[in-house]
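Here is entry_18.pdb, consisting of PDB, C-alpha atoms:
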ATOM      1  CA  MET Z   1      13.748  -8.776  -4.731  1.00  0.00           C
ATOM      2  CA  ALA Z   2      12.744  -5.368  -3.578  1.00  0.00           C
ATOM      3  CA  SER Z   3      14.892  -3.750  -0.944  1.00  0.00           C
ATOM      4  CA  SER Z   4      13.983  -0.754   1.184  1.00  0.00           C
ATOM      5  CA  SER Z   5      15.847   1.497  -1.238  1.00  0.00           C
ATOM      6  CA  ASP Z   6      13.858   0.084  -4.190  1.00  0.00           C
ATOM      7  CA  VAL Z   7      10.399   0.858  -2.841  1.00  0.00           C
ATOM      8  CA  SER Z   8       9.021   4.105  -4.251  1.00  0.00           C
ATOM      9  CA  SER Z   9       6.229   6.112  -2.674  1.00  0.00           C
ATOM     10  CA  SER Z  10       3.198   7.453  -4.475  1.00  0.00           C
ATOM     11  CA  ALA Z  11       3.302  10.590  -6.591  1.00  0.00           C
ATOM     12  CA  ASP Z  12       1.944  12.646  -3.670  1.00  0.00           C
ATOM     13  CA  ASN Z  13       4.908  11.630  -1.535  1.00  0.00           C
ATOM     14  CA  THR Z  14       7.719  12.150  -4.061  1.00  0.00           C
ATOM     15  CA  PRO Z  15      10.983  12.912  -2.197  1.00  0.00           C
ATOM     16  CA  ARG Z  16      12.022  16.561  -2.353  1.00  0.00           C
ATOM     17  CA  ASN Z  17      15.352  18.256  -2.010  1.00  0.00           C
ATOM     18  CA  PRO Z  18      15.397  19.637   1.551  1.00  0.00           C
ATOM     19  CA  GLU Z  19      17.372  22.731   0.426  1.00  0.00           C
ATOM     20  CA  SER Z  20      15.480  23.735  -2.694  1.00  0.00           C
ATOM     21  CA  GLY Z  21      12.079  22.220  -1.931  1.00  0.00           C
ATOM     22  CA  SER Z  22      11.903  20.987  -5.514  1.00  0.00           C
ATOM     23  CA  VAL Z  23      11.337  17.444  -6.712  1.00  0.00           C
ATOM     24  CA  SER Z  24      14.591  15.474  -6.637  1.00  0.00           C
ATOM     25  CA  GLU Z  25      16.494  15.098  -9.919  1.00  0.00           C
ATOM     26  CA  ALA Z  26      16.043  11.318  -9.978  1.00  0.00           C
ATOM     27  CA  SER Z  27      12.261  11.590  -9.864  1.00  0.00           C
ATOM     28  CA  GLU Z  28      12.215  14.011 -12.814  1.00  0.00           C
ATOM     29  CA  THR Z  29      13.542  11.496 -15.319  1.00  0.00           C
ATOM     30  CA  PRO Z  30      11.098  10.615 -18.123  1.00  0.00           C
ATOM     31  CA  ASP Z  31      10.814   7.001 -17.055  1.00  0.00           C
ATOM     32  CA  GLY Z  32      10.333   7.772 -13.347  1.00  0.00           C
ATOM     33  CA  PRO Z  33       6.560   7.043 -13.111  1.00  0.00           C
ATOM     34  CA  ALA Z  34       6.881   3.802 -15.108  1.00  0.00           C
ATOM     35  CA  ARG Z  35       9.732   2.619 -12.924  1.00  0.00           C
ATOM     36  CA  ARG Z  36       7.750   3.359  -9.760  1.00  0.00           C
ATOM     37  CA  GLY Z  37       4.885   1.279 -11.144  1.00  0.00           C
ATOM     38  CA  ARG Z  38       7.174  -1.654 -11.873  1.00  0.00           C
ATOM     39  CA  VAL Z  39       8.714  -1.488  -8.398  1.00  0.00           C
ATOM     40  CA  ARG Z  40       5.307  -1.400  -6.720  1.00  0.00           C
ATOM     41  CA  ALA Z  41       4.114  -4.398  -8.752  1.00  0.00           C
ATOM     42  CA  ARG Z  42       7.319  -6.273  -7.983  1.00  0.00           C
ATOM     43  CA  ARG Z  43       7.050  -5.681  -4.252  1.00  0.00           C
ATOM     44  CA  ALA Z  44       3.401  -6.704  -4.253  1.00  0.00           C
ATOM     45  CA  ALA Z  45       4.333  -9.989  -5.927  1.00  0.00           C
ATOM     46  CA  VAL Z  46       6.976 -10.720  -3.288  1.00  0.00           C
ATOM     47  CA  MET Z  47       4.578 -10.090  -0.441  1.00  0.00           C
ATOM     48  CA  ALA Z  48       1.974 -12.292  -2.126  1.00  0.00           C
ATOM     49  CA  VAL Z  49       4.049 -15.440  -1.538  1.00  0.00           C
ATOM     50  CA  PRO Z  50       1.714 -17.803   0.316  1.00  0.00           C
ATOM     51  CA  ALA Z  51       2.764 -18.343   3.922  1.00  0.00           C
ATOM     52  CA  THR Z  52       2.296 -22.080   3.514  1.00  0.00           C
ATOM     53  CA  LEU Z  53       4.804 -22.154   0.649  1.00  0.00           C
ATOM     54  CA  VAL Z  54       7.553 -20.441   2.609  1.00  0.00           C
ATOM     55  CA  ALA Z  55       6.888 -22.107   5.956  1.00  0.00           C
ATOM     56  CA  GLY Z  56       6.663 -25.582   4.489  1.00  0.00           C
ATOM     57  CA  ALA Z  57       9.600 -25.323   2.088  1.00  0.00           C
ATOM     58  CA  LEU Z  58      12.658 -27.491   2.666  1.00  0.00           C
ATOM     59  CA  ALA Z  59      15.106 -25.178   0.918  1.00  0.00           C
ATOM     60  CA  VAL Z  60      18.816 -25.498   1.470  1.00  0.00           C
ATOM     61  CA  LEU Z  61      20.782 -23.477  -0.761  1.00  0.00           C
ATOM     62  CA  THR Z  62      19.859 -17.603  -3.026  1.00  0.00           C
ATOM     63  CA  ALA Z  63      20.792 -14.936  -5.047  1.00  0.00           C
ATOM     64  CA  GLU Z  64      19.091 -11.566  -5.318  1.00  0.00           C
ATOM     65  CA  GLY Z  65      18.536  -9.870  -1.978  1.00  0.00           C
ATOM     66  CA  ALA Z  66      20.515 -12.379   0.061  1.00  0.00           C
ATOM     67  CA  LEU Z  67      24.248 -11.752  -0.188  1.00  0.00           C
ATOM     68  CA  GLY Z  68      23.896  -8.462  -1.995  1.00  0.00           C
ATOM     69  CA  VAL Z  69      24.873 -10.324  -5.169  1.00  0.00           C
ATOM     70  CA  GLN Z  70      22.449  -9.415  -7.935  1.00  0.00           C
ATOM     71  CA  PHE Z  71      22.575 -10.847 -11.438  1.00  0.00           C
ATOM     72  CA  ALA Z  72      20.222 -11.600 -14.297  1.00  0.00           C
ATOM     73  CA  ILE Z  73      19.296 -15.278 -14.266  1.00  0.00           C
ATOM     74  CA  SER Z  74      19.360 -17.290 -17.491  1.00  0.00           C
ATOM     75  CA  GLY Z  75      15.796 -18.464 -16.920  1.00  0.00           C
ATOM     76  CA  MET Z  76      16.903 -22.099 -17.316  1.00  0.00           C
ATOM     77  CA  PRO Z  77      16.117 -24.145 -14.168  1.00  0.00           C
ATOM     78  CA  PHE Z  78      18.625 -26.685 -12.882  1.00  0.00           C
ATOM     79  CA  THR Z  79      18.256 -29.699 -10.611  1.00  0.00           C
ATOM     80  CA  VAL Z  80      20.250 -30.180  -7.402  1.00  0.00           C
ATOM     81  CA  THR Z  81      20.231 -33.403  -5.379  1.00  0.00           C
ATOM     82  CA  ALA Z  82      22.165 -34.685  -2.351  1.00  0.00           C
ATOM     83  CA  THR Z  83      21.776 -37.734  -0.169  1.00  0.00           C
ATOM     84  CA  GLU Z  84      22.251 -35.561   2.908  1.00  0.00           C
ATOM     85  CA  LEU Z  85      22.624 -31.917   3.843  1.00  0.00           C
ATOM     86  CA  ASN Z  86      23.574 -30.548   7.263  1.00  0.00           C
ATOM     87  CA  GLY Z  87      23.685 -26.833   7.980  1.00  0.00           C
ATOM     88  CA  THR Z  88      24.009 -24.285  10.770  1.00  0.00           C
ATOM     89  CA  GLY Z  89      22.316 -20.915  10.545  1.00  0.00           C
ATOM     90  CA  PHE Z  90      19.261 -21.357   8.299  1.00  0.00           C
ATOM     91  CA  GLU Z  91      16.931 -18.661   6.898  1.00  0.00           C
ATOM     92  CA  GLN Z  92      14.186 -18.626   4.268  1.00  0.00           C
ATOM     93  CA  PHE Z  93      11.826 -16.096   2.649  1.00  0.00           C
ATOM     94  CA  GLY Z  94      10.035 -15.325  -0.640  1.00  0.00           C
ATOM     95  CA  GLY Z  95      11.711 -13.542  -3.525  1.00  0.00           C
ATOM     96  CA  LEU Z  96      11.766 -12.682  -7.236  1.00  0.00           C
ATOM     97  CA  ASP Z  97      14.485 -13.446  -9.789  1.00  0.00           C
ATOM     98  CA  ASN Z  98      14.812 -11.424 -12.988  1.00  0.00           C
ATOM     99  CA  MET Z  99      16.013 -12.486 -16.426  1.00  0.00           C
ATOM    100  CA  ALA Z 100      18.017 -10.255 -18.757  1.00  0.00           C
ATOM    101  CA  PRO Z 101      15.759  -7.967 -20.842  1.00  0.00           C
ATOM    102  CA  GLY Z 102      14.605  -9.743 -23.976  1.00  0.00           C
ATOM    103  CA  SER Z 103      15.656 -13.195 -22.749  1.00  0.00           C
ATOM    104  CA  PRO Z 104      14.328 -15.973 -25.037  1.00  0.00           C
ATOM    105  CA  ASN Z 105      13.422 -17.913 -21.871  1.00  0.00           C
ATOM    106  CA  GLU Z 106      10.867 -15.347 -20.666  1.00  0.00           C
ATOM    107  CA  GLY Z 107       7.845 -17.224 -22.003  1.00  0.00           C
ATOM    108  CA  ASP Z 108       4.741 -15.800 -20.329  1.00  0.00           C
ATOM    109  CA  THR Z 109       6.591 -14.934 -17.091  1.00  0.00           C
ATOM    110  CA  GLY Z 110       7.412 -11.354 -18.025  1.00  0.00           C
ATOM    111  CA  GLY Z 111      11.040 -12.178 -17.240  1.00  0.00           C
ATOM    112  CA  GLN Z 112      10.419 -12.792 -13.529  1.00  0.00           C
ATOM    113  CA  VAL Z 113      10.359 -16.027 -11.506  1.00  0.00           C
ATOM    114  CA  LEU Z 114       8.787 -16.286  -8.051  1.00  0.00           C
ATOM    115  CA  VAL Z 115      11.175 -18.248  -5.814  1.00  0.00           C
ATOM    116  CA  VAL Z 116      11.838 -19.356  -2.256  1.00  0.00           C
ATOM    117  CA  THR Z 117      15.076 -17.705  -1.173  1.00  0.00           C
ATOM    118  CA  SER Z 118      17.080 -19.695   1.376  1.00  0.00           C
ATOM    119  CA  ALA Z 119      20.418 -19.165   3.098  1.00  0.00           C
ATOM    120  CA  ILE Z 120      22.692 -21.381   5.204  1.00  0.00           C
ATOM    121  CA  LYS Z 121      25.691 -19.949   7.030  1.00  0.00           C
ATOM    122  CA  ASN Z 122      27.691 -23.205   6.955  1.00  0.00           C
ATOM    123  CA  ALA Z 123      26.646 -26.340   5.043  1.00  0.00           C
ATOM    124  CA  THR Z 124      27.940 -29.801   4.179  1.00  0.00           C
ATOM    125  CA  LEU Z 125      26.438 -31.965   1.420  1.00  0.00           C
ATOM    126  CA  THR Z 126      26.982 -35.635   0.619  1.00  0.00           C
ATOM    127  CA  LYS Z 127      26.920 -36.889  -2.994  1.00  0.00           C
ATOM    128  CA  LEU Z 128      25.994 -33.579  -4.571  1.00  0.00           C
ATOM    129  CA  CYS Z 129      24.609 -33.678  -8.119  1.00  0.00           C
ATOM    130  CA  GLN Z 130      23.664 -30.739 -10.323  1.00  0.00           C
ATOM    131  CA  SER Z 131      22.230 -30.977 -13.834  1.00  0.00           C
ATOM    132  CA  VAL Z 132      20.764 -28.608 -16.407  1.00  0.00           C
ATOM    133  CA  ASP Z 133      18.903 -29.639 -19.544  1.00  0.00           C
ATOM    134  CA  LEU Z 134      20.486 -27.887 -22.538  1.00  0.00           C
ATOM    135  CA  GLY Z 135      17.989 -29.342 -24.986  1.00  0.00           C
ATOM    136  CA  GLY Z 136      18.600 -33.006 -25.705  1.00  0.00           C
ATOM    137  CA  VAL Z 137      21.764 -33.152 -23.591  1.00  0.00           C
ATOM    138  CA  ASN Z 138      22.410 -32.501 -19.901  1.00  0.00           C
ATOM    139  CA  LEU Z 139      25.370 -30.724 -18.327  1.00  0.00           C
ATOM    140  CA  LEU Z 140      26.054 -32.875 -15.258  1.00  0.00           C
ATOM    141  CA  ILE Z 141      28.204 -31.946 -12.235  1.00  0.00           C
ATOM    142  CA  THR Z 142      28.904 -34.297  -9.315  1.00  0.00           C
ATOM    143  CA  ALA Z 143      31.070 -33.935  -6.188  1.00  0.00           C
ATOM    144  CA  GLY Z 144      31.416 -35.179  -2.634  1.00  0.00           C
ATOM    145  CA  SER Z 145      30.923 -38.856  -3.457  1.00  0.00           C
ATOM    146  CA  GLY Z 146      34.048 -40.006  -1.585  1.00  0.00           C
ATOM    147  CA  ALA Z 147      35.219 -39.583   2.001  1.00  0.00           C
ATOM    148  CA  GLN Z 148      35.215 -35.770   1.726  1.00  0.00           C
ATOM    149  CA  LYS Z 149      31.914 -33.902   1.582  1.00  0.00           C
ATOM    150  CA  VAL Z 150      31.025 -30.744  -0.283  1.00  0.00           C
ATOM    151  CA  THR Z 151      31.267 -27.716   2.022  1.00  0.00           C
ATOM    152  CA  ALA Z 152      29.961 -24.178   1.626  1.00  0.00           C
ATOM    153  CA  VAL Z 153      29.972 -20.902   3.555  1.00  0.00           C
ATOM    154  CA  ASP Z 154      27.183 -18.345   3.080  1.00  0.00           C
ATOM    155  CA  LEU Z 155      25.391 -20.711   0.726  1.00  0.00           C
ATOM    156  CA  THR Z 156      22.151 -19.439  -0.787  1.00  0.00           C
ATOM    157  CA  THR Z 157      19.698 -20.585  -3.477  1.00  0.00           C
ATOM    158  CA  ASP Z 158      16.522 -19.526  -5.226  1.00  0.00           C
ATOM    159  CA  SER Z 159      14.203 -22.511  -5.644  1.00  0.00           C
ATOM    160  CA  THR Z 160      10.789 -23.173  -7.148  1.00  0.00           C
ATOM    161  CA  GLU Z 161      10.504 -26.818  -6.057  1.00  0.00           C
ATOM    162  CA  LEU Z 162      12.180 -28.770  -3.247  1.00  0.00           C
ATOM    163  CA  SER Z 163      11.625 -31.995  -1.347  1.00  0.00           C
ATOM    164  CA  GLY Z 164      13.297 -34.213   1.250  1.00  0.00           C
ATOM    165  CA  ASP Z 165      13.091 -35.378   4.851  1.00  0.00           C
ATOM    166  CA  ALA Z 166      13.880 -32.358   7.016  1.00  0.00           C
ATOM    167  CA  ALA Z 167      14.564 -31.635  10.681  1.00  0.00           C
ATOM    168  CA  PHE Z 168      15.197 -28.226  12.283  1.00  0.00           C
ATOM    169  CA  ASP Z 169      16.521 -27.158  15.693  1.00  0.00           C
ATOM    170  CA  ASN Z 170      15.006 -24.082  17.387  1.00  0.00           C
ATOM    171  CA  ILE Z 171      12.932 -23.097  14.365  1.00  0.00           C
ATOM    172  CA  GLU Z 172      11.063 -19.778  14.275  1.00  0.00           C
ATOM    173  CA  ILE Z 173       8.198 -19.482  11.767  1.00  0.00           C
ATOM    174  CA  GLY Z 174       6.474 -16.225  10.856  1.00  0.00           C
ATOM    175  CA  ASN Z 175       9.363 -13.780  11.315  1.00  0.00           C
ATOM    176  CA  ASP Z 176       9.509 -10.546   9.342  1.00  0.00           C
ATOM    177  CA  ALA Z 177      12.247 -11.210   6.786  1.00  0.00           C
ATOM    178  CA  SER Z 178      13.997  -7.939   7.642  1.00  0.00           C
ATOM    179  CA  THR Z 179      14.664  -9.183  11.204  1.00  0.00           C
ATOM    180  CA  LEU Z 180      16.391 -12.513  10.427  1.00  0.00           C
ATOM    181  CA  THR Z 181      19.633 -13.211  12.319  1.00  0.00           C
ATOM    182  CA  LYS Z 182      20.672 -16.855  11.888  1.00  0.00           C
ATOM    183  CA  ALA Z 183      22.565 -16.702   8.571  1.00  0.00           C
ATOM    184  CA  GLY Z 184      23.537 -13.040   8.406  1.00  0.00           C
ATOM    185  CA  VAL Z 185      20.990 -12.318   5.651  1.00  0.00           C
ATOM    186  CA  LYS Z 186      18.046  -9.932   5.845  1.00  0.00           C
ATOM    187  CA  GLY Z 187      15.101 -10.013   3.460  1.00  0.00           C
ATOM    188  CA  PRO Z 188      12.575  -7.283   2.568  1.00  0.00           C
ATOM    189  CA  ILE Z 189      10.494  -5.782   5.357  1.00  0.00           C
ATOM    190  CA  GLY Z 190       6.961  -7.134   5.592  1.00  0.00           C
ATOM    191  CA  VAL Z 191       7.774 -10.487   3.968  1.00  0.00           C
ATOM    192  CA  PHE Z 192       6.973 -13.783   5.729  1.00  0.00           C
ATOM    193  CA  SER Z 193      10.042 -15.863   6.683  1.00  0.00           C
ATOM    194  CA  GLN Z 194      11.435 -18.567   8.934  1.00  0.00           C
ATOM    195  CA  GLN Z 195      14.816 -19.372  10.495  1.00  0.00           C
ATOM    196  CA  ALA Z 196      16.462 -22.084  12.597  1.00  0.00           C
ATOM    197  CA  ASP Z 197      19.738 -22.814  14.387  1.00  0.00           C
ATOM    198  CA  THR Z 198      20.343 -25.990  12.356  1.00  0.00           C
ATOM    199  CA  VAL Z 199      18.831 -27.838   9.406  1.00  0.00           C
ATOM    200  CA  HIS Z 200      19.188 -31.483   8.352  1.00  0.00           C
ATOM    201  CA  ILE Z 201      17.710 -32.747   5.071  1.00  0.00           C
ATOM    202  CA  ALA Z 202      17.971 -36.301   3.763  1.00  0.00           C
ATOM    203  CA  ASN Z 203      17.234 -37.195   0.127  1.00  0.00           C
ATOM    204  CA  LEU Z 204      17.306 -33.576  -0.951  1.00  0.00           C
ATOM    205  CA  ARG Z 205      15.970 -32.615  -4.389  1.00  0.00           C
ATOM    206  CA  GLN Z 206      15.566 -29.044  -5.683  1.00  0.00           C
ATOM    207  CA  THR Z 207      14.679 -27.102  -8.797  1.00  0.00           C
ATOM    208  CA  ASN Z 208      16.790 -23.927  -8.654  1.00  0.00           C
ATOM    209  CA  TYR Z 209      17.289 -20.801 -10.701  1.00  0.00           C
ATOM    210  CA  ALA Z 210      20.303 -19.336  -8.882  1.00  0.00           C
ATOM    211  CA  THR Z 211      22.954 -20.265  -6.325  1.00  0.00           C
ATOM    212  CA  THR Z 212      25.604 -18.152  -4.618  1.00  0.00           C
ATOM    213  CA  ALA Z 213      28.233 -18.929  -1.975  1.00  0.00           C
ATOM    214  CA  GLY Z 214      31.045 -17.096  -0.242  1.00  0.00           C
ATOM    215  CA  VAL Z 215      33.122 -20.295  -0.296  1.00  0.00           C
ATOM    216  CA  PHE Z 216      32.198 -23.491  -2.173  1.00  0.00           C
ATOM    217  CA  ARG Z 217      34.491 -26.543  -1.995  1.00  0.00           C
ATOM    218  CA  LEU Z 218      33.685 -29.551  -4.201  1.00  0.00           C
ATOM    219  CA  PRO Z 219      36.044 -32.505  -3.635  1.00  0.00           C
ATOM    220  CA  GLY Z 220      36.027 -35.082  -6.431  1.00  0.00           C
ATOM    221  CA  LEU Z 221      34.411 -32.641  -8.861  1.00  0.00           C
ATOM    222  CA  LYS Z 222      33.341 -34.123 -12.210  1.00  0.00           C
ATOM    223  CA  LEU Z 223      31.764 -32.112 -15.024  1.00  0.00           C
ATOM    224  CA  ARG Z 224      30.485 -33.842 -18.158  1.00  0.00           C
ATOM    225  CA  PHE Z 225      27.679 -34.076 -20.702  1.00  0.00           C
ATOM    226  CA  SER Z 226      25.121 -36.828 -20.224  1.00  0.00           C
ATOM    227  CA  SER Z 227      21.944 -38.107 -21.835  1.00  0.00           C
ATOM    228  CA  SER Z 228      20.259 -37.999 -18.411  1.00  0.00           C
ATOM    229  CA  GLY Z 229      20.222 -35.572 -15.488  1.00  0.00           C
ATOM    230  CA  CYS Z 230      20.539 -36.131 -11.738  1.00  0.00           C
ATOM    231  CA  PRO Z 231      18.709 -39.291 -10.623  1.00  0.00           C
TER     232      PRO Z 231
END

Rewritten as structure tokens:
Amino acid sequence: MASSSDVSSSADNTPRNPESGSVSEASETPDGPARRGRVRARRAAVMAVPATLVAGALAVLTAEGALGVQFAISGMPFTVTATELNGTGFEQFGGLDNMAPGSPNEGDTGGQVLVVTSAIKNATLTKLCQSVDLGGVNLLITAGSGAQKVTAVDLTTDSTELSGDAAFDNIEIGNDASTLTKAGVKGPIGVFSQQADTVHIANLRQTNYATTAGVFRLPGLKLRFSSSGCP
């Protein structure tokens, strides 16, 4: 996602060295104009996220632009399900994930995936399941099926699809993403967002491209290969 430091101005407003009055060294690089074009296109795509998509999303779990953790996604989506999620400090806004240059998973996406970025300050999940299709076989991870639930601090995810039965306390819809306060995450200025004091989602199901967490505890963790993914 574009941050304030990523956004370049037009050629007429190129930053200049206040002492010499000349164009800054960074802007003189051969690939400067091309990079500015890519950044402008990227930011335009973020701000084009439909308000209905972000406001109506039931996201729970994000990567780029949320915790300051930036990495190239594999481009392989994975499924996350849970019978119940409870969280305090919820935020959500639009974003872009980027694959590594030349990734075989680019397809016709240009290496970018438009996502709903969500963050929860503190979360608990019951009967967590995560699966990824590796081509004929699924890597399956389960946890939190016993008395202890999965817990996470500063949990974020980038999702393209999500569903469930959701309830929010003190929700605010239509915030500028750069002004969010509930989960300690700030998105890009000018981007539509929402936040709430608490979130509860039953029968959660997501299609994600990235997940990050400051702390992630998975009691009863099981990792295995399976012919089927999460139910």

(message) Which residues are close to range 109-122 of chain Z, i.e. within 6 Å by all atoms listed in the file, leaving aside same-chain residues fewer than 5 positions away? Reply as a ChimeraX atom specification.
(response) /Z:59,61-62,87-99,152-160,183

(request) Kindly resolve the PyMOL selection byres ((chain Z and resi 199-210) around 6) on the present coordinates and return the residues as a ChimeraX atom specification. (result) /Z:63,77-87,157-168,198,211

(request) Spell out the residues picked by the PyMOL selection byres ((chain Z and resi 226) around 12) here, as a list in words. (result) Gln130, Ser131, Val132, Asp133, Leu134, Gly135, Gly136, Val137, Asn138, Leu139, Leu140, Ile141, Thr142, Lys222, Leu223, Arg224, Phe225, Ser227, Ser228, Gly229, Cys230 and Pro231 of chain Z

(request) Run the PyMOL selection byres ((chain Z and resi 219) around 8) against the file shown and list the residues it catches, as number ranges by chain. (result) Z: 143-144, 148-150, 217-218, 220-221

(message) Between CA of Thr126 in chain Z and CA of Gly146 in chain Z, what is the distance in Å, rounded to a tenth?
(response) 8.6 Å

(request) Counting all atoms listed in the file, figure out which residue out of Z:Ala123, Z:Cys129, Z:Ala72, Z:Ala147 gets nearest to Asn105 in chain Z. (result) Z:Ala72

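The point (9.9, -16.7, 8.6) has these residues within 7 Å of it, counting only C-alpha atoms: Z:Ala55, Z:Gln92, Z:Phe93, Z:Glu172, Z:Ile173, Z:Gly174, Z:Asn175, Z:Asp176, Z:Ala177, Z:Phe192, Z:Ser193, Z:Gln194, Z:Gln195.
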